[in-house]
Amino acid sequence: MENSQDKVLTVSQVTGLIKNLLEGSFPSIVLKGEISNFRPNPTGHLYFVLKDSDSQINAVMFRGNASYLNFTPKDGMTVQAKGRITVYPQRGNYQIQITSMTKAGIGDIMEIIEERKRRLAQEGLFAQERKKSLPLFPKTVGVVTSPTGAALRDILNITKRRNPKVSVIVFPAIVQGDSAAPTVENMIKIANKYNMCDVLIVGRGGGSLEDLLPFSDEKVVRAVAESHIPVISAVGHDIDWALSDFAADVRAPTPSAAAELAVPVLTEVKEGLNSYKQEFYQAVEKRISSLRLMLKTFTPENMELQLRTIQQPYLARWENARQALIDSIQSFLEDKKIRMEKAVQTLENCNPQNVFARGYSMVTDSATGKIVRCPEDAAKGSVLKITPAKGEIFATVN
């Protein structure tokens with residue numbers, strides 16, 4: 001009998017066993033290492049090696065996940081990558097397929113932010129029902145940002161171009177560093193305390209994750225969520241994000257986009273109002289014309305004709321109902337009459353006098369009054385009483 005240890009496997013079988021073992025044992029891991037042999041693909045996929053002082057592993061990051069990176073990977077950069085181990089059977093090697101990646105040290109910050117995000121979400125700070133609508137025609141826009149940053153210049157330029165009649169109040173704040181979060185929080189509270197604007201833009205231009213940290217500070221997030229003035233969060237560029245984005249009433253991908261969301265184009269507003277005015281005038285004129293045509297119909301002849309038109313169906317219904325009632329009563333009386341006639345006939349048929357009139361007589365014993373139905377009922381010598389249709393006859397039984 002062949003020993004199981006002597007079983008011959010194909011290369012594909014061995015590779016398949018290794019693939020199942022590795023991929024099943026490492027469904028999700030986080031690695032820290034240095035990027036080496038970085039080879040970006042024209043299609044957007046990233047291929048490189050992660051290594052430390054003793055070992056290395058091939059790595060791949062496909063285009064869909066790579067598009068979310070907020071930095072450009074390069075050789076020599078230390079990163080923290082999250083992914084899963086996969087085996088490439090055609091070459092018989094294994095690799096890590098990366099789903100997300102941060103610079104070394106950023107992973108801890110992300111973990112802190114994610115924990116804070118979960119906790120604040122559980123409190124309901126990000127709930128959709130808390131969010132307010134932006135005003136359609138704001139008179140004053142408040143901006144909490146650096147007074148010297150490019151973000152403010154973009155907001156001012158766009159606001160002036162779209163609607164020069166809208167005023168802008170700048171709430172100067174430090175937007176980077178340890179003292180940034182307290183100043184941003186304070187400016188948001190000042191704007192709300194004195195009700196200084198109709199809508200509030202809170203944000204800054206792009207930067208690294210560390211640069212955007214003040215807008216993920218818990219106090220800043222709570223100030224944004226508690227603001228009675230509608231808040232637009234505009235932190236960084238399209239791929240950047242902060243917790244203030246989730247707490248704000250509206251999230252804008254950039255400060256410029258925030259200005260476009262907050263400020264309507266004056267010419268478009270005027271055109272819209274003119275369009276509404278024309279529609280209103282046309283509706284009023286149409287209504288007046290309709291009323292005039294209606295008034296023309298109110299002549300004595302038309303009124304009488306309309307009255308008859310309304311009256312005629314009711315008269316017809318009344319006549320039909322009257323005739324139906326008469327027919328019903330007549331039918332009822334006819335039925336009762338027939339039933340009475342049948343009852344009288346039945347009674348007449350049962351009248352003994354009518355039977356006597358046809359030649360029949362009733363014979364009784366004159367002494368006992370008992371009806372004589374057969375000869376045995378009449379004893380010899382007894383007197384019988386015979387009652388015909390008229391009168392009475394007495395006879396003696398011999």
# chains A, B, ... in the order shown; residues from 1 in each chain; ligands from 1
$ select_by_dssp --residues "range 67-171 of chain A" --states "alpha helix (DSSP H)" --output "PyMOL selection string"
chain A and resi 106-122+150-162
$ select_by_dssp --residues "range 39-288 of chain A" --states "strand (DSSP E or B)" --output "JSON, numbers by chain"
{"A": [39, 40, 46, 47, 48, 49, 50, 51, 56, 57, 58, 59, 60, 61, 78, 79, 80, 81, 82, 83, 84, 85, 86, 87, 88, 93, 94, 95, 96, 97, 98, 99, 100, 101, 102, 103, 140, 141, 142, 143, 144, 145, 167, 168, 169, 170, 171, 172, 199, 200, 201, 202, 203, 204, 231, 232, 233, 234, 235, 250, 251]}
$ closest_residue --among "A:Thr183, A:Ser216, A:Thr368, A:Ser67" --to "Ile109 in chain A" --atoms "only C-alpha atoms"
A:Ser216
$ atom_distance --atom1 "CA of Cys197 in chain A" --atom2 "CA of Leu212 in chain A"
24.7 Å
$ residues_around --residues "Ile98 in chain A" --least-positions-apart "6" --cutoff "6 Å" --atoms "only C-alpha atoms" --output "PyMOL selection string"
chain A and resi 61+82-83
